[in-house]
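One structure is given here, and the rest of the page talks about it.
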Amino acid sequence: MRVKRTIFFFLIWLALLYVTGIVLFTKGFLLKRLEVPVLSSCKESLSGRESNGDLNNGCWMQKRFNKTIILVIDALRFDFTVYNATLAENQLLHYQNKLSSMHKLLLEKPYNSRLYKFIADPPTTTMQRLKGLTTGSLPTFVDAGSNFASSDIVEDNVISQLTNVGGSITFMGDDTWEALFSGKFKKSYPYPSFNVKDLHTVDNGVIKHLLPEMKENDWNLLIGHFLGVDHCGHRFGPYHSAMADKLTQMNQVIQTVVEHMSNDTLLVVMGDHGMTPTGDHGGDSDDELAAALFLYSHSQLIHPSVAENTKGQYQTVSQVDLVPTLSLLLGTAIPYSNLGSVITELFTTGMTSDPQPSKLMSVYSTIEAIRLNALQVKRYVDAYSKLSDEFPFVESSRLERKLEEAESLIQDVDTEKLDIIQLEHIQSLYMEYLAGVKSMCQGIWAKFDLVSITLGICVFVLAILATVIQVYQVNVSMPFSSTKVDLDKTVKVIAVSGSVGVFVAMVIASISVSFRSHWISISLLLISTLSGVSYILNVIYAQKSQWKLSNILDWISIETISAVTITAMYMVSMLSNSFVINEDRMSVFLFQSLLLIVLLSNIRYVSGRKKQKTWDIGLFLTQPVAIVIILTFGIAAVGRLSANFRVCREHQLPWCQTSFFYQSLSTLPQEDTLTKNFRYFFSVGCVTVFPICLRIWLSRLGNLNGDPPSKTFVVYLLPTAVVCLSFHWALQALPEKVLDSLAVWQQVTLPRAVYVIFFLGLGLIVWRPLMLYVTHRNEQNRDNTHSTSHGVYKDEESQVVKKVFNQMKSNWKKPSSEEHSNSNDRGGQVPMVYGLATAYSATYLVLVAIVTLVLTMLLGDGFAPAILLLLIQMFLCLELYACMQRLKLHSSSNGQQITQIDVLCNFPWYIIVLWGVMASQYFFATGHQATVPAIRFESGYVGFHGDFPTYLYFVPAIMIGSNTFAGPIIFALSLPLVLLWPFSRGYIVLDKKSKQVNLSAEDRKGEFSLHENDGQLQLAMFKLILMYLAFSALKFLGTMVAAAVHRRHLMVWAIFAPRFVFEGVHFLIVMLILFIDNLLILRLDNLLSKWFKSLVKKYRT
């Protein structure tokens, strides 16, 4: 029991080291932009114009509109709004020519309406876009992670500026606004926003309140945020008929608002971002960045000359440009941190009542707005420079000279004798200044803390070194007592050095006040560093006699060199953006390369072909060489097939084609019933294979004999879950209107039934995980069909059970002569134990099956074939590994005293690397990429309807995370099978003579031999966990180094930073599951020990 606690403590310490390294690196790499906590004031004057802060007159310049209506149509891509009159009705895509009201206004009232290509700044997630649209500031990558945990905006913004001068705001729609601007709205009608399957609740709510609130005269700004188009994109994509319905609905809303708005009102219709061809967003592709901005007023918006010069053209503006534009049009101050530039053409009419002012007055009026904008930006840059020295001196000086030149020229302008050339030159200087400052800020928008980045990498490397060193310290072949002593000494060294780290941190905090606020971070750093270094030095000193070249060479083999080389290639390749972009294909290539090397290097263990007079294909296929080759190429073929389920990232377009299986059944054309039926029945067939194969397999191994709860689960509940899942997919294939018309309970009952069965299965595995059945030989004689009905191997009775019973008898105390006589009398009742040879792996197979079933439901019907391929590839890989290890054991035991523990628990690095690369391969093969748009948020609502309360946000987060990392989760959970499988499998490559002569009694016990060797199971599992943890950490280290090296790379936030974040989450999930694996193995071992003792006690009495 003590060694179990020691191992658990060591794993906790390693986790602390890894987490400390990750936290330090993340703290230095994913910093938020510095926020200047200053607000612009309406009473201050940047241009010298006196202002009393009166909303009726305007703050910095005279306002043009008394009211503004902002309609945010989430994910309104620019091409959704462009009308193409050349297309016939039957040629139109579902999103084309649906916003006809905009087209009509642009044609009939060109001076009163404008359409712009509205470019967003990445990341293109709603919360970040709303921040940019209201503050005018640039976003940061780390903000994308808080898209669903929004907090109040503390920076100056348009909403706060309007309320500060007495304006009132009415809001309705996406509840993200309430989270960002709590308490700012006079009236508010928020609706839950996260359920992407719900296309109508938010939109219908906005429509319900929009017109009644418009008729009220108690608002200056009215905001309506529609989500139907965005949710339709997530659920169906832009090419589905549901998109046409939503855009038609939005068209009617715009038309109704235009008819009822007053002359002093400005209508703003905009998208916060676009969407990819699959309907997702969050990245930086052109489709995601290109939103639409439409402006309309009954009064004139632009100068007639501007309208004539730009007829049929669409100007491109940045989303942050809306902030200063709206501020000045509404008569408020521009937010302090704004970096946007005013949309100049909207100020060409001036503030006079003349509908057609002269060109001179038009330019002069425009300069007035640009100048206020430039002076506001100059003030922000000066304030930011006092907080940080990030701005490059040469560039900032050059831009400041431009502004000084413009200011000098504007002061010399004679308003009585305006010169159009001079005014246009002044305007260009202001515009160059604004554009230059924005570009400069974009280059330094994220401040990197190189000290934290370096410390994080160093601590993480220290953790990897400790892990690898401990792998070679765990020798399963050594006596358990000596290993136990070594582990105890190691833990003592770690505990003492960690305590010293805590003490030093307390001393530093008591001496320096500035360190007290960072006491926890300092403590973690010191504990990790001191304990890690102490551990490594202690091992080097204690094992100094073993650090010889001959001993090191004993560790090296062709397989080890190949595995290390593949791992190093994977790590180093993370520095290449082209590798990261094409990692889905490269992971398959690396896996198959290592697989081929393993085959060639292990072929020497395979016995030669038997001599035969005539060539027989059947006999040839039973040869060890043929079996190994068939397994190898079978694995390679399945891996190649899995590439058909890839999903393209934006950087792979247009040459990449997303898998047909990525589309859900509901998105397929309703008229194409043949394709839909094929997809449905093919997916159902794939998922049905899970319980059928599991039942057959466990029956053959004897684990489904008797009537234990586990048999009921496998035989009845698991197939029931498959039936529920199949009917759930059938419901999802219904037309969208039909599905939404169903009652809520009808939509959620079936997936919830799967969840209930899942939790019942987990509870069963914790409560009664063993799948064993004990009977008696005389009972078997009374029923000759008993063995057949339970599917027991013919030689299990004679080989395994006899040895187990003999072992039990050897553990008994020596009986008296009378007891001995009675014992002989009971010799005819030798117990038969079914499933003992697979006592551990049977439980893990059931666990993997139920977890896989739930993950398949979260992934959707399209990826059921991919999950089936995953399981087939995993099975074939385990079979190949078992054959290799069995051949190695057979070859090593010739004339030598080598037990199967010595060979089968000495894990080669190649199986660890193969297992880890397969996990990466199926991250991509289950429809994912390391990009924000590839996250399938709809999986957070499988089996649920409506939004979650705040305190339950972790539920959809877990479901989305499980969907995203389904492949790695399955492989991490299945890792103990690498240890267990060779103990009961692999005999197929041995000929009959080898099986009869060379198999020891220990070999015939299967996995039970692990239990008999005291402590060997815990040590073997400990070593396996350390090896897999080391590989996962090395892969993650590659992304950390790549992100640090390329922190100023053009594609850092599009490629390297997302890859780092995804791999980091992957690593943390794997580490958690490995802890669960270790605990479950201990649980199984304890229960098996209790079962064995009770069995011995029963047959002694």
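FYI, nothing fancy with the structure tokens labels: chains A, B, ... in order, residues from 1 per chain, ligands from 1 as they appear.
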### Task
as a PyMOL selection string, list the residues of stretch 91-321 of chain A assigned to strand (DSSP E or B) by DSSP on the backbone atoms of this structure.
chain A and resi 113-119+169-174+187-191+221-226+265-270+290-297+316-318
### Task
Enumerate as a ChimeraX atom specification all residues of stretch 305-490 of chain A assigned to helix (DSSP H, G or I) by DSSP on the backbone, naming them with the chain letters and numbers the document uses.
/A:305-309,319-330,344-347,359-387,393-411,420-443,450-473,480-490
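Closest approach to A:Leu1087 from the set A:Ile757, A:Ala1043, A:Val766, A:Val989 is made by A:Val766, with distances taken over only C-alpha atoms.
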#### Entry: A:Tyr472 surroundings by only C-alpha atoms, 10 Å radius, close-in-sequence under 5 positions cut, as a PyMOL selection string
chain A and resi 467+555+1023+1026-1027
Closest-contact table, stretch 24-125 of chain A side, partner stretch 267-286 of chain A, 9 Å, counting only C-alpha atoms, as a Markdown table:
```
| residue | atom | partner | partner_atom | distance |
| --- | --- | --- | --- | --- |
| A:Lys67 | CA | A:Leu267 | CA | 8.8 |
| A:Thr68 | CA | A:Leu267 | CA | 5.9 |
| A:Ile69 | CA | A:Leu267 | CA | 4.9 |
| A:Ile70 | CA | A:Val268 | CA | 4.7 |
| A:Leu71 | CA | A:Val269 | CA | 4.8 |
| A:Val72 | CA | A:Met270 | CA | 5.1 |
| A:Ile73 | CA | A:Gly271 | CA | 5.1 |
| A:Asp74 | CA | A:Gly271 | CA | 5.2 |
| A:Ala75 | CA | A:Gly274 | CA | 4.5 |
| A:Leu76 | CA | A:Gly271 | CA | 4.3 |
| A:Arg77 | CA | A:Gly274 | CA | 4.2 |
| A:Phe78 | CA | A:Gly274 | CA | 7.2 |
| A:Phe118 | CA | A:Gly271 | CA | 7.9 |
| A:Ile119 | CA | A:His273 | CA | 7.9 |
| A:Ala120 | CA | A:His273 | CA | 6.1 |
| A:Asp121 | CA | A:Asp284 | CA | 7.8 |
| A:Pro122 | CA | A:Asp284 | CA | 5.5 |
| A:Pro123 | CA | A:Gly282 | CA | 5.2 |
| A:Thr124 | CA | A:Gly282 | CA | 4.1 |
| A:Thr125 | CA | A:Gly282 | CA | 5.0 |
```
## Note on the structure
If you count only C-alpha atoms, the residue of A:Val165, A:Ala290, A:Ala242, A:Leu339 closest to A:His200 turns out to be A:Ala242
### Task
Can you pull out every residue within 12 Å of A:Cys441, counting only C-alpha atoms, but drop anything in the same chain fewer than 5 positions away, and send it as a ChimeraX atom specification?
/A:33-34,137-140,337-340,377,380-381,384-385,390-392,395-396,434-436,446-447
Expected file: the selected residues, C-alpha atoms, as an mmCIF file, in the first residue's frame:
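What ended up in out11.cif:
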```
data_model
loop_
_atom_site.group_PDB
_atom_site.id
_atom_site.type_symbol
_atom_site.label_atom_id
_atom_site.label_comp_id
_atom_site.auth_asym_id
_atom_site.auth_seq_id
_atom_site.Cartn_x
_atom_site.Cartn_y
_atom_site.Cartn_z
ATOM 1 C CA ARG A 33 -2.929 44.346 -24.153
ATOM 2 C CA LEU A 34 -2.297 47.114 -21.641
ATOM 3 C CA SER A 137 -9.313 49.130 -29.614
ATOM 4 C CA LEU A 138 -7.528 46.091 -31.015
ATOM 5 C CA PRO A 139 -8.238 42.624 -29.581
ATOM 6 C CA THR A 140 -5.806 40.076 -28.197
ATOM 7 C CA SER A 337 -8.451 54.145 -26.451
ATOM 8 C CA ASN A 338 -9.894 54.283 -29.958
ATOM 9 C CA LEU A 339 -7.525 53.545 -32.847
ATOM 10 C CA GLY A 340 -10.115 53.707 -35.618
ATOM 11 C CA VAL A 377 -5.355 59.069 -31.056
ATOM 12 C CA TYR A 380 -3.932 57.883 -26.362
ATOM 13 C CA VAL A 381 -0.475 57.137 -27.820
ATOM 14 C CA TYR A 384 0.227 54.505 -23.539
ATOM 15 C CA SER A 385 3.888 55.484 -23.979
ATOM 16 C CA GLU A 390 6.859 49.293 -26.752
ATOM 17 C CA PHE A 391 6.419 51.867 -29.499
ATOM 18 C CA PRO A 392 9.436 51.979 -31.836
ATOM 19 C CA GLU A 395 8.336 55.088 -36.425
ATOM 20 C CA SER A 396 6.546 57.016 -33.689
ATOM 21 C CA LEU A 434 -4.101 57.574 -38.230
ATOM 22 C CA ALA A 435 -3.290 54.647 -40.504
ATOM 23 C CA GLY A 436 0.346 54.614 -39.363
ATOM 24 C CA ALA A 446 0.748 41.878 -27.440
ATOM 25 C CA LYS A 447 3.534 42.433 -24.942
#
```
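If only C-alpha atoms are the atoms counted, then among A:Thr332, A:Thr134, A:Ser113, A:Gln411 the closest residue to A:Gln319 is A:Thr134.
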### Query
Do you know which residues are at most 12 Å from A:Glu404 counting only C-alpha atoms, after dropping those on the same chain fewer than 5 positions away, and could you put them as an MDAnalysis selection string?
chainID A and resid 371 374:375 378 397:399 409:411 426 429:430 433
